[in-house]
Amino acid sequence: MAVVKAREQDIDLLARLLRAEAEGEGQQGMLMVGNVGINRVRGNCSDFIGIRTIPEMVYQPHAFEAVQKGYFYQRPREVERRLARRAVGGERIWPSKFALWYFRPPGDCPATWYNQPLAGRFKLHCFYEPTAEECENVYNTF
């Protein structure tokens with residue numbers, strides 16, 4: 001059962017984002033990008049108030065650098081579609097389980113990012129999650 005509404009074109013859009021943002025991090029890294037995106041849609045908090053759909057999340061101004069690159073606009077492969085479906089279906093893994101932010105620093109992960117504490121690092125990306133008081137919807141069960 002999906003935790004956010006998603007049509008096939010939404011799955012393809014999310015799949016393209018996963019690939020463009022984290023292909024070098026492998027399937028687990030791409031799933032983590034999906035976790036962050038779905039958390040932003042579900043959260044309705046922080047910088048993501050009013051973001052209710054996958055297209056709104058993907059194309060939110062300044063949210064993802066990848067949408068400005070040509071690689072993002074290539075057709076998704078089936079592996080990315082499967083990962084997008086898993087994220088939409090509610091599969092979440094640490095350290096992205098409750099994260100709203102991630103980025104790739106040149107060195108160590110800062111302790112906070114956008115005033116949110118570090119949840120952990122996976123390969124080259126650092127993940128940051130809000131507290132339950134800041135963003136209750138991210139922590140709600142499905």
# chains A, B, ... in the order shown; residues from 1 in each chain; ligands from 1
call {"tool": "select_by_dssp", "arguments": {"residues": "region 4-60 of chain A", "states": "helix (DSSP H, G or I)", "output": "PyMOL selection string"}}
result
chain A and resi 8-43+46-48+54-58
call {"tool": "residues_around", "arguments": {"residues": "region 68-85 of chain A", "least_positions_apart": "6", "cutoff": "10 Å", "atoms": "only C-alpha atoms", "output": "short mmCIF file (atom, residue, chain, number, x, y, z; two decimals) with C-alpha atoms, in the first residue's frame"}}
result
data_model
loop_
_atom_site.label_atom_id
_atom_site.label_comp_id
_atom_site.auth_asym_id
_atom_site.auth_seq_id
_atom_site.Cartn_x
_atom_site.Cartn_y
_atom_site.Cartn_z
CA MET A 1 0.00 0.00 0.00
CA ALA A 2 1.36 3.40 -0.99
CA ALA A 6 1.56 8.00 -7.03
CA GLU A 8 2.94 5.70 -13.04
CA ASP A 10 5.05 9.94 -10.63
CA ILE A 11 6.94 6.67 -10.18
CA ASP A 12 8.95 7.43 -13.32
CA LEU A 13 9.68 10.96 -12.11
CA LEU A 14 10.84 9.72 -8.71
CA ALA A 15 12.90 6.99 -10.40
CA ARG A 16 14.67 9.59 -12.53
CA LEU A 17 15.43 11.61 -9.40
CA LEU A 18 16.86 8.59 -7.57
CA ARG A 19 19.19 7.84 -10.44
CA ALA A 20 20.30 11.41 -11.04
CA GLU A 21 20.90 12.16 -7.37
CA GLU A 23 23.32 6.40 -8.87
CA GLN A 27 20.58 0.80 -4.97
CA GLN A 28 20.60 1.40 -1.23
CA MET A 30 19.05 5.57 -4.36
CA LEU A 31 16.38 4.14 -2.05
CA MET A 32 17.55 6.57 0.63
CA VAL A 33 17.01 9.50 -1.74
CA GLY A 34 13.50 8.12 -2.25
CA ASN A 35 13.02 8.00 1.51
CA GLY A 37 11.58 12.62 -1.02
CA ILE A 38 8.64 10.68 0.37
CA TYR A 59 10.39 20.38 -8.77
CA HIS A 62 16.25 24.72 -5.05
CA GLU A 91 10.06 1.06 2.86
#
call {"tool": "residues_around", "arguments": {"residues": "Ile49 (chain A)", "least_positions_apart": "6", "cutoff": "12 Å", "atoms": "only C-alpha atoms", "output": "PyMOL selection string"}}
result
chain A and resi 39-43+56-57+60+134-135+137
call {"tool": "residues_around", "arguments": {"residues": "Tyr128 (chain A)", "least_positions_apart": "5", "cutoff": "6 Å", "atoms": "only C-alpha atoms", "output": "PyMOL selection string"}}
result
chain A and resi 99+101+116-119
call {"tool": "atom_distance", "arguments": {"atom1": "CA of Cys109 (chain A)", "atom2": "CA of Phe127 (chain A)"}}
result
8.7 Å
call {"tool": "select_by_dssp", "arguments": {"residues": "region 60-112 of chain A", "states": "strand (DSSP E)", "output": "number ranges by chain"}}
result
A: 101-103, 112
call {"tool": "atom_distance", "arguments": {"atom1": "CA of Pro106 (chain A)", "atom2": "CA of Glu65 (chain A)"}}
result
16.2 Å
